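Chemist: What follows is work36.cif; its format and atoms are mmCIF, C-alpha atoms.
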```cif
data_coords
#
loop_
_atom_site.label_atom_id
_atom_site.label_comp_id
_atom_site.auth_asym_id
_atom_site.auth_seq_id
_atom_site.Cartn_x
_atom_site.Cartn_y
_atom_site.Cartn_z
CA MET A 242 0.00 0.00 0.00
CA ASN A 243 1.31 3.43 -0.94
CA LYS A 244 1.69 5.74 2.09
CA ILE A 245 1.72 9.44 1.34
CA LYS A 246 1.95 12.66 3.34
CA PHE A 247 -1.04 14.98 3.30
CA ASP A 248 0.66 17.84 1.42
CA ASP A 249 2.29 15.45 -1.04
CA PHE A 250 -1.07 13.93 -1.90
CA LEU A 251 -2.61 17.35 -2.48
CA ASN A 252 0.30 18.20 -4.77
CA SER A 253 -0.25 14.96 -6.68
CA ILE A 254 -3.81 16.00 -7.56
CA ASN A 255 -2.78 19.55 -8.46
CA SER A 256 -4.18 21.13 -5.33
CA LYS A 257 -1.72 23.52 -3.73
CA ASP A 258 -1.81 26.41 -1.29
CA LEU A 259 -5.37 25.96 -0.07
CA ASP A 260 -6.63 28.79 2.11
CA LEU A 261 -7.58 26.90 5.28
CA ASN A 262 -9.52 29.71 6.96
CA ASP A 263 -12.86 28.68 5.46
CA PHE A 264 -12.27 25.08 6.54
CA TRP A 265 -11.56 26.15 10.11
CA THR A 266 -14.88 28.01 10.13
CA LEU A 267 -16.74 24.93 8.87
CA GLY A 268 -14.84 22.54 11.12
CA ASN A 269 -15.24 24.58 14.29
CA ALA A 270 -18.98 24.78 13.74
CA THR A 271 -19.60 21.16 12.79
CA SER A 272 -16.71 18.92 13.80
CA LEU A 273 -15.60 19.58 17.36
CA SER A 274 -14.98 16.41 19.35
CA GLU A 275 -17.21 15.44 22.25
CA ASP A 276 -14.40 13.28 23.62
CA THR A 277 -12.04 16.24 23.95
CA HIS A 278 -14.68 18.74 25.10
CA GLY A 279 -14.54 20.78 21.95
CA GLU A 280 -11.13 20.21 20.36
CA GLN A 281 -11.06 19.35 16.69
CA LEU A 282 -9.04 16.22 15.93
CA GLU A 283 -9.72 15.49 12.25
CA PHE A 284 -9.58 18.87 10.57
CA HIS A 285 -7.63 17.79 7.48
CA ARG A 286 -10.35 15.52 6.11
CA GLY A 287 -12.22 18.67 5.06
CA PRO A 288 -9.51 20.13 2.81
CA LEU A 289 -8.77 16.63 1.51
CA LEU A 290 -12.37 16.03 0.43
CA TYR A 291 -12.55 19.53 -1.04
CA ALA A 292 -9.43 18.89 -3.11
CA LEU A 293 -10.65 15.48 -4.28
CA ILE A 294 -13.99 16.85 -5.45
CA ALA A 295 -12.25 19.67 -7.29
CA TYR A 296 -9.93 17.14 -8.94
CA LEU A 297 -12.37 14.33 -9.74
CA LYS A 298 -15.40 16.50 -10.62
CA PRO A 299 -17.97 13.83 -9.65
CA LYS A 300 -21.60 14.14 -10.67
CA LYS A 301 -23.10 12.16 -7.78
CA ILE A 302 -21.51 11.75 -4.38
CA LEU A 303 -22.60 9.26 -1.71
CA GLU A 304 -21.58 9.79 1.91
CA PHE A 305 -22.08 7.28 4.70
CA GLY A 306 -22.14 9.17 8.00
CA THR A 307 -23.16 12.83 7.90
CA GLY A 308 -22.24 13.58 11.50
CA GLY A 309 -22.24 17.34 11.96
CA GLY A 310 -21.88 17.88 8.22
CA TYR A 311 -18.26 19.03 8.03
CA SER A 312 -17.38 16.66 5.20
CA ALA A 313 -20.57 17.27 3.23
CA LEU A 314 -20.17 21.04 3.48
CA CYS A 315 -16.54 20.88 2.36
CA MET A 316 -17.54 18.81 -0.66
CA ALA A 317 -20.41 21.20 -1.41
CA LYS A 318 -17.99 24.11 -1.19
CA ALA A 319 -15.81 22.48 -3.85
CA LEU A 320 -18.81 21.95 -6.12
CA ASP A 321 -19.73 25.61 -5.69
CA ASP A 322 -16.23 27.09 -5.97
CA TYR A 323 -15.50 25.19 -9.16
CA ASP A 324 -19.00 25.58 -10.61
CA LEU A 325 -19.47 21.81 -10.81
CA ASP A 326 -22.84 20.26 -11.58
CA GLY A 327 -22.78 17.71 -8.77
CA LYS A 328 -25.03 16.52 -5.95
CA ILE A 329 -24.26 15.03 -2.53
CA PHE A 330 -26.44 12.36 -0.89
CA THR A 331 -25.48 11.86 2.75
CA ILE A 332 -26.84 9.18 5.09
CA ASP A 333 -27.04 9.32 8.87
CA ARG A 334 -29.24 7.74 11.53
CA VAL A 335 -29.84 11.23 12.98
CA ALA A 336 -32.19 13.42 10.96
CA ASN A 337 -30.81 16.73 9.73
CA ASP A 338 -33.49 18.67 11.59
CA GLU A 339 -33.09 16.74 14.88
CA LYS A 340 -31.62 18.76 17.72
CA ILE A 341 -28.72 17.05 19.49
CA ASN A 342 -26.29 18.15 22.19
CA ARG A 343 -22.96 19.14 20.67
CA PHE A 344 -19.94 21.39 20.94
CA PHE A 345 -19.59 24.07 18.28
CA LYS A 346 -17.80 27.35 17.76
CA LEU A 347 -19.23 30.00 15.47
CA PRO A 348 -17.27 32.90 13.96
CA GLY A 349 -16.92 35.47 16.72
CA ASP A 350 -17.17 32.95 19.56
CA ILE A 351 -14.24 33.14 21.96
CA SER A 352 -14.61 29.51 23.00
CA PRO A 353 -16.79 26.54 22.01
CA GLN A 354 -20.35 26.45 23.28
CA LYS A 355 -22.49 23.39 23.91
CA LYS A 356 -26.22 23.15 23.42
CA LYS A 357 -28.91 21.30 21.48
CA ILE A 358 -29.00 22.33 17.86
CA SER A 359 -29.70 20.56 14.57
CA ASN A 360 -27.48 20.35 11.51
CA LYS A 361 -30.12 22.26 9.59
CA GLU A 362 -29.99 25.17 12.03
CA LEU A 363 -26.22 25.14 12.33
CA TRP A 364 -25.54 25.03 8.60
CA LYS A 365 -27.68 28.12 8.02
CA LEU A 366 -25.46 30.04 10.43
CA ILE A 367 -22.22 29.35 8.56
CA VAL A 368 -22.85 28.82 4.83
CA LYS A 369 -25.02 30.24 2.10
CA GLU A 370 -28.16 28.45 0.96
CA ASN A 371 -26.70 27.52 -2.43
CA LEU A 372 -24.21 25.20 -0.66
CA ILE A 373 -26.91 23.59 1.46
CA ASN A 374 -29.01 22.99 -1.65
CA LYS A 375 -26.25 20.78 -3.08
CA ILE A 376 -26.72 18.34 -0.18
CA THR A 377 -29.57 15.83 0.16
CA PRO A 378 -29.64 14.40 3.72
CA ILE A 379 -31.20 10.95 4.09
CA GLN A 380 -32.18 9.87 7.60
CA GLY A 381 -31.81 6.24 8.59
CA TYR A 382 -29.37 3.40 9.11
CA SER A 383 -27.40 2.71 5.96
CA GLY A 384 -28.69 -0.86 5.65
CA ILE A 385 -32.30 0.32 5.56
CA VAL A 386 -31.56 3.34 3.37
CA MET A 387 -29.62 1.38 0.76
CA GLU A 388 -32.27 -1.34 0.67
CA LYS A 389 -35.25 1.00 0.27
CA ASN A 390 -33.95 3.93 -1.79
CA LYS A 391 -33.59 3.71 -5.54
CA ILE A 392 -30.37 5.71 -5.81
CA SER A 393 -27.58 4.84 -8.20
CA ASP A 394 -24.86 6.05 -10.58
CA PHE A 395 -22.51 7.45 -7.94
CA ASP A 396 -18.94 8.20 -9.02
CA PHE A 397 -17.54 9.16 -5.62
CA CYS A 398 -18.12 7.76 -2.14
CA TYR A 399 -16.96 8.83 1.31
CA ILE A 400 -17.30 6.04 3.89
CA ASP A 401 -17.44 7.42 7.43
CA GLY A 402 -20.44 5.66 8.98
CA VAL A 403 -20.43 2.69 11.34
CA HIS A 404 -16.75 2.02 12.01
CA THR A 405 -17.13 -1.68 12.80
CA TYR A 406 -15.80 -4.32 10.42
CA ASP A 407 -19.28 -5.37 9.26
CA GLY A 408 -20.56 -1.79 9.13
CA THR A 409 -17.71 -0.72 6.88
CA LYS A 410 -18.13 -3.86 4.79
CA HIS A 411 -21.83 -3.18 4.30
CA ASP A 412 -21.31 0.40 3.20
CA PHE A 413 -18.51 -0.56 0.81
CA PHE A 414 -20.44 -3.45 -0.72
CA SER A 415 -23.58 -1.32 -0.96
CA TYR A 416 -21.66 1.36 -2.79
CA LEU A 417 -20.21 -1.10 -5.30
CA LYS A 418 -23.78 -1.98 -6.31
CA VAL A 419 -24.71 1.63 -7.08
CA ALA A 420 -21.39 2.93 -8.43
CA THR A 421 -20.65 3.95 -11.99
CA LYS A 422 -18.09 1.85 -13.89
CA LYS A 423 -15.34 4.31 -13.00
CA PHE A 424 -15.38 5.64 -9.45
CA SER A 425 -13.36 6.69 -6.43
CA ILE A 426 -13.75 5.98 -2.71
CA LEU A 427 -12.31 7.53 0.43
CA PHE A 428 -12.40 5.55 3.69
CA ASP A 429 -12.11 7.47 6.95
CA ASP A 430 -10.33 6.30 10.12
CA TYR A 431 -7.87 3.66 8.94
CA ILE A 432 -6.46 2.89 12.39
CA ASP A 433 -5.94 -0.04 14.75
CA ARG A 434 -8.16 1.15 17.59
CA ASP A 435 -10.65 -0.46 19.97
CA PHE A 436 -14.11 -0.96 18.39
CA TYR A 437 -12.85 0.15 14.97
CA GLY A 438 -12.86 -2.36 12.12
CA VAL A 439 -12.06 -0.15 9.14
CA LYS A 440 -8.37 -1.11 9.00
CA ASP A 441 -8.99 -4.85 9.25
CA PHE A 442 -11.70 -4.74 6.60
CA VAL A 443 -9.59 -2.72 4.19
CA ASP A 444 -6.57 -4.97 4.72
CA ASN A 445 -8.53 -8.21 4.36
CA GLU A 446 -11.16 -7.48 1.72
CA VAL A 447 -10.23 -4.34 -0.22
CA LYS A 448 -6.45 -4.35 -0.47
CA PRO A 449 -6.29 -7.68 -2.39
CA HIS A 450 -8.38 -6.25 -5.24
CA PHE A 451 -7.61 -2.52 -5.47
CA LYS A 452 -4.59 -0.24 -5.55
CA LEU A 453 -4.76 1.84 -2.38
CA SER A 454 -3.15 4.98 -0.99
CA LEU A 455 -2.93 5.69 2.74
CA ILE A 456 -3.06 9.45 3.17
CA ASP A 457 -1.74 10.90 6.44
CA THR A 458 -4.56 13.18 7.62
CA ASP A 459 -3.04 13.80 11.04
CA PRO A 460 0.09 15.76 10.06
CA GLU A 461 0.08 17.67 13.36
CA GLU A 462 -0.32 14.39 15.31
CA LYS A 463 -3.26 15.66 17.36
CA LEU A 464 -5.03 12.31 17.24
CA LYS A 465 -1.85 10.42 18.10
CA LYS A 466 -1.39 12.61 21.18
CA PHE A 467 -5.04 12.10 22.16
CA ILE A 468 -4.99 8.29 21.97
CA LYS A 469 -1.39 8.18 23.28
CA LYS A 470 -0.28 5.59 20.75
CA SER A 471 1.93 5.67 17.68
CA LEU A 472 -0.14 3.98 14.99
CA ASP A 473 -0.69 4.11 11.27
CA TYR A 474 -3.56 6.50 10.78
CA GLY A 475 -5.15 8.20 7.84
CA MET A 476 -7.63 7.84 5.04
CA ILE A 477 -7.64 5.16 2.37
CA TYR A 478 -8.13 6.35 -1.19
CA LEU A 479 -8.85 4.14 -4.17
CA THR A 480 -9.83 4.73 -7.76
CA HIS A 481 -11.40 2.13 -10.05
CA ASP A 482 -10.87 3.31 -13.61
CA ASN A 483 -11.50 0.31 -15.85
CA GLU A 484 -14.54 -1.35 -17.34
CA THR A 485 -14.35 -4.49 -15.19
CA SER A 486 -17.15 -4.60 -12.64
CA PRO A 487 -15.68 -4.60 -9.09
CA LEU A 488 -18.48 -6.98 -8.13
CA ASN A 489 -16.53 -9.66 -10.02
CA TYR A 490 -13.86 -9.54 -7.32
CA TYR A 491 -16.22 -11.09 -4.77
CA ASP A 492 -18.22 -14.30 -4.54
CA GLN A 493 -21.74 -13.17 -5.42
CA LYS A 494 -23.56 -15.62 -3.19
CA SER A 495 -21.57 -14.58 -0.10
CA PHE A 496 -21.80 -10.94 -1.14
CA GLU A 497 -25.60 -10.91 -1.33
CA SER A 498 -25.98 -13.10 1.76
CA PHE A 499 -23.94 -10.66 3.82
CA LEU A 500 -25.94 -7.64 2.65
CA LYS A 501 -29.22 -9.39 3.39
CA SER A 502 -28.13 -10.39 6.90
CA TYR A 503 -26.72 -6.96 7.78
CA ARG A 504 -29.78 -5.12 6.53
CA LEU A 505 -32.06 -7.43 8.47
CA SER A 506 -30.17 -6.43 11.63
CA ASP A 507 -30.55 -2.76 10.75
CA ARG A 508 -34.30 -3.21 10.43
CA ARG A 509 -34.85 -5.37 13.50
CA VAL A 510 -32.25 -4.17 15.96
CA ARG A 511 -30.38 -0.96 15.24
CA SER A 512 -33.31 1.17 14.12
CA ASN A 513 -35.43 0.00 17.06
CA ARG A 514 -32.63 0.86 19.46
CA TYR A 515 -32.26 4.32 17.97
CA THR A 516 -35.98 4.97 18.40
CA LEU A 517 -35.78 3.84 22.03
CA GLU A 518 -32.71 5.97 22.77
CA LYS A 519 -34.34 8.99 21.17
CA ASN A 520 -37.45 8.63 23.33
CA LEU A 521 -35.61 7.46 26.48
CA PRO A 522 -32.11 8.99 26.39
CA PHE A 523 -30.94 7.16 29.55
CA THR A 524 -31.02 3.87 27.61
CA LYS A 525 -27.94 4.96 25.62
CA ASN A 526 -25.82 3.89 28.58
CA ILE A 527 -27.44 0.46 28.94
CA LYS A 528 -25.65 -2.42 27.24
CA PHE A 529 -28.27 -4.90 26.06
CA LYS A 530 -26.75 -8.25 25.11
CA PHE A 531 -29.00 -8.72 22.09
CA TRP A 532 -28.00 -5.29 20.77
CA LYS A 533 -24.27 -6.00 20.88
#
```
Will you turn the file into structure tokens for me?
Modeler:
Amino acid sequence: MNKIKFDDFLNSINSKDLDLNDFWTLGNATSLSEDTHGEQLEFHRGPLLYALIAYLKPKKILEFGTGGGYSALCMAKALDDYDLDGKIFTIDRVANDEKINRFFKLPGDISPQKKKISNKELWKLIVKENLINKITPIQGYSGIVMEKNKISDFDFCYIDGVHTYDGTKHDFFSYLKVATKKFSILFDDYIDRDFYGVKDFVDNEVKPHFKLSLIDTDPEEKLKKFIKKSLDYGMIYLTHDNETSPLNYYDQKSFESFLKSYRLSDRRVRSNRYTLEKNLPFTKNIKFKFWK
């Protein structure tokens, strides 16, 4: 696997000397970490996604894991700045108009504040409507969304949803079914960390079939200092640029069986748990064996 420094990768796709001020504004408003009480740990994914969209010029973008919307807004900014006719579809279990407790820092704030606010409300405070209009939020677990929605022909995908092995596998496999013949993918959080399965999945089931680049998106080592470990960390980038269907790389019976099983769990277990946690917030801290 090719390992590359953040600035070197940007140079390789003809993206140099980005003004980071706009990204700090977006990141501070949408991407402050709850774990660190308001410090931003993964700032560089924003400029990276912006540069990739400017370089690849995709028509349809699929994102697994909206979160606060930092990534989606950075991609929308690229579409707008470069006058690209593209659209972003972003999936998250939390609805875009649902108020949640979060840290955020708006322009003019001296320090981060914390209160309940929705993505929809927050986005309107920091970007113009034309950027928001480039984004179509879809509420729901990815298994349910990808099973029910008739969406297809995506040429770029950002996978930043459920970070478990099976969750990452589902989102990757689901994307392969709706991708154009030539496409690119960016995986977030390639790291050997408790409860994360992205690295293992990429190493075991993606690396054998695709040429990958590991991009260092922690050049200032903020995440390394936070987790107090020296580990490979970054984002995995791949491009499929030939006419061979990537579905041919996998056994179709096992492929479809996995998707069916995972989506059944999303319908029966995960979505029911989310509804319960939304109505009874104290249940978030209860570990039910059958929801493991």
Chemist: Could you tell me which residues the PyMOL selection byres ((chain A and resi 256) around 10) returns for this structure, as an MDAnalysis selection string?
Modeler: chainID A and resid 248:255 257:259 288:289 291:293 295:296
Chemist: If you keep C-alpha atoms, can you produce a file of those selected residues as an mmCIF file, keeping the file's coordinate frame?
Modeler:
```cif
data_model
loop_
_atom_site.group_PDB
_atom_site.id
_atom_site.type_symbol
_atom_site.label_atom_id
_atom_site.label_comp_id
_atom_site.auth_asym_id
_atom_site.auth_seq_id
_atom_site.Cartn_x
_atom_site.Cartn_y
_atom_site.Cartn_z
ATOM 1 C CA ASP A 248 0.660 17.840 1.420
ATOM 2 C CA ASP A 249 2.290 15.450 -1.040
ATOM 3 C CA PHE A 250 -1.070 13.930 -1.900
ATOM 4 C CA LEU A 251 -2.610 17.350 -2.480
ATOM 5 C CA ASN A 252 0.300 18.200 -4.770
ATOM 6 C CA SER A 253 -0.250 14.960 -6.680
ATOM 7 C CA ILE A 254 -3.810 16.000 -7.560
ATOM 8 C CA ASN A 255 -2.780 19.550 -8.460
ATOM 9 C CA LYS A 257 -1.720 23.520 -3.730
ATOM 10 C CA ASP A 258 -1.810 26.410 -1.290
ATOM 11 C CA LEU A 259 -5.370 25.960 -0.070
ATOM 12 C CA PRO A 288 -9.510 20.130 2.810
ATOM 13 C CA LEU A 289 -8.770 16.630 1.510
ATOM 14 C CA TYR A 291 -12.550 19.530 -1.040
ATOM 15 C CA ALA A 292 -9.430 18.890 -3.110
ATOM 16 C CA LEU A 293 -10.650 15.480 -4.280
ATOM 17 C CA ALA A 295 -12.250 19.670 -7.290
ATOM 18 C CA TYR A 296 -9.930 17.140 -8.940
#
```
Chemist: Residue by residue, what does the PyMOL selection byres ((chain A and resi 302-310) around 8) grab here? Present the result as a PDB file with C-alpha atoms, in the coordinates of the input.
Modeler:
```pdb
ATOM      1  CA  THR A 271     -19.600  21.160  12.790  1.00  0.00           C
ATOM      2  CA  SER A 272     -16.710  18.920  13.800  1.00  0.00           C
ATOM      3  CA  PRO A 299     -17.970  13.830  -9.650  1.00  0.00           C
ATOM      4  CA  LYS A 300     -21.600  14.140 -10.670  1.00  0.00           C
ATOM      5  CA  LYS A 301     -23.100  12.160  -7.780  1.00  0.00           C
ATOM      6  CA  TYR A 311     -18.260  19.030   8.030  1.00  0.00           C
ATOM      7  CA  SER A 312     -17.380  16.660   5.200  1.00  0.00           C
ATOM      8  CA  ALA A 313     -20.570  17.270   3.230  1.00  0.00           C
ATOM      9  CA  LEU A 314     -20.170  21.040   3.480  1.00  0.00           C
ATOM     10  CA  GLY A 327     -22.780  17.710  -8.770  1.00  0.00           C
ATOM     11  CA  LYS A 328     -25.030  16.520  -5.950  1.00  0.00           C
ATOM     12  CA  ILE A 329     -24.260  15.030  -2.530  1.00  0.00           C
ATOM     13  CA  PHE A 330     -26.440  12.360  -0.890  1.00  0.00           C
ATOM     14  CA  THR A 331     -25.480  11.860   2.750  1.00  0.00           C
ATOM     15  CA  ILE A 332     -26.840   9.180   5.090  1.00  0.00           C
ATOM     16  CA  ASP A 333     -27.040   9.320   8.870  1.00  0.00           C
ATOM     17  CA  ASN A 360     -27.480  20.350  11.510  1.00  0.00           C
ATOM     18  CA  PRO A 378     -29.640  14.400   3.720  1.00  0.00           C
ATOM     19  CA  SER A 383     -27.400   2.710   5.960  1.00  0.00           C
ATOM     20  CA  PHE A 395     -22.510   7.450  -7.940  1.00  0.00           C
ATOM     21  CA  ASP A 396     -18.940   8.200  -9.020  1.00  0.00           C
ATOM     22  CA  PHE A 397     -17.540   9.160  -5.620  1.00  0.00           C
ATOM     23  CA  CYS A 398     -18.120   7.760  -2.140  1.00  0.00           C
ATOM     24  CA  TYR A 399     -16.960   8.830   1.310  1.00  0.00           C
ATOM     25  CA  ILE A 400     -17.300   6.040   3.890  1.00  0.00           C
ATOM     26  CA  ASP A 401     -17.440   7.420   7.430  1.00  0.00           C
ATOM     27  CA  GLY A 402     -20.440   5.660   8.980  1.00  0.00           C
ATOM     28  CA  VAL A 403     -20.430   2.690  11.340  1.00  0.00           C
ATOM     29  CA  ASP A 412     -21.310   0.400   3.200  1.00  0.00           C
TER      30      ASP A 412
END
```
Chemist: Scan for residues within 6 Å of the point (-8.9, 5.1, 10.2) in the coordinates of the file, using all atoms listed in the file, and reply as a list in words.
Modeler: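 Within 6 Å of (-8.9, 5.1, 10.2), the protein and nucleic acid residues are Asp429, Asp430, Tyr431, Ile432, Tyr474, Gly475 and Met476 of chain A.
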Chemist: How far is it from atom CA of His285 of chain A to atom CA of Lys246 of chain A, in Å with one decimal?
Modeler: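 Separation of atom CA of His285 of chain A and atom CA of Lys246 of chain A: 11.6 Å.
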Chemist: I'd like to know which of A:Asp322, A:Asp350, A:Glu484, A:Asp407 is closest to Asn371 of chain A, using all atoms listed in the file.
Modeler: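 The answer is A:Asp322, which sits nearest to Asn371 of chain A.
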Chemist: Figure out the distance between atom CA of Gly438 of chain A and atom CA of Phe413 of chain A, please, to one decimal in Å.
Modeler: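 Here the two named atoms are 12.8 Å from each other.
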Chemist: Quick one: residues within 10 Å of segment 440-454 of chain A, all atoms listed in the file counted, chain neighbours fewer than 4 positions away excluded, as a PyMOL selection string?
Modeler: chain A and resi 242-245+250+404-410+413+426-434+473-481+487+490-491
Chemist: Distance atom CA of Leu320 of chain A-atom CA of Leu297 of chain A, one decimal place?
Modeler: 10.6 Å
Chemist: Could the residues of segment 400-498 of chain A that have an atom at most 12 Å from segment 387-390 of chain A be listed as JSON lines, each with its closest atom pair and the distance in Å to one decimal, counting only C-alpha atoms and ordered by chain and ascending residue number?
Modeler:
```
{"residue": "A:His411", "atom": "CA", "partner": "A:Met387", "partner_atom": "CA", "distance": 9.7}
{"residue": "A:Asp412", "atom": "CA", "partner": "A:Met387", "partner_atom": "CA", "distance": 8.7}
{"residue": "A:Phe413", "atom": "CA", "partner": "A:Met387", "partner_atom": "CA", "distance": 11.3}
{"residue": "A:Phe414", "atom": "CA", "partner": "A:Met387", "partner_atom": "CA", "distance": 10.5}
{"residue": "A:Ser415", "atom": "CA", "partner": "A:Met387", "partner_atom": "CA", "distance": 6.8}
{"residue": "A:Tyr416", "atom": "CA", "partner": "A:Met387", "partner_atom": "CA", "distance": 8.7}
{"residue": "A:Leu417", "atom": "CA", "partner": "A:Met387", "partner_atom": "CA", "distance": 11.5}
{"residue": "A:Lys418", "atom": "CA", "partner": "A:Met387", "partner_atom": "CA", "distance": 9.8}
{"residue": "A:Val419", "atom": "CA", "partner": "A:Met387", "partner_atom": "CA", "distance": 9.3}
{"residue": "A:Glu497", "atom": "CA", "partner": "A:Glu388", "partner_atom": "CA", "distance": 11.8}
```
Chemist: To test your reading of the syntax: which residues would the PyMOL selection byres ((chain A and resi 423) around 6) return for the file shown? Reply as an MDAnalysis selection string.
Modeler: chainID A and resid 421:422 424 481:482
Chemist: Pick out the closest residue to Glu283 of chain A from this set: A:Ile379, A:Asp507, A:Ser502, A:Asp457. Count only C-alpha atoms.
Modeler: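 The shortest atom-to-atom distance to Glu283 of chain A comes from A:Asp457.
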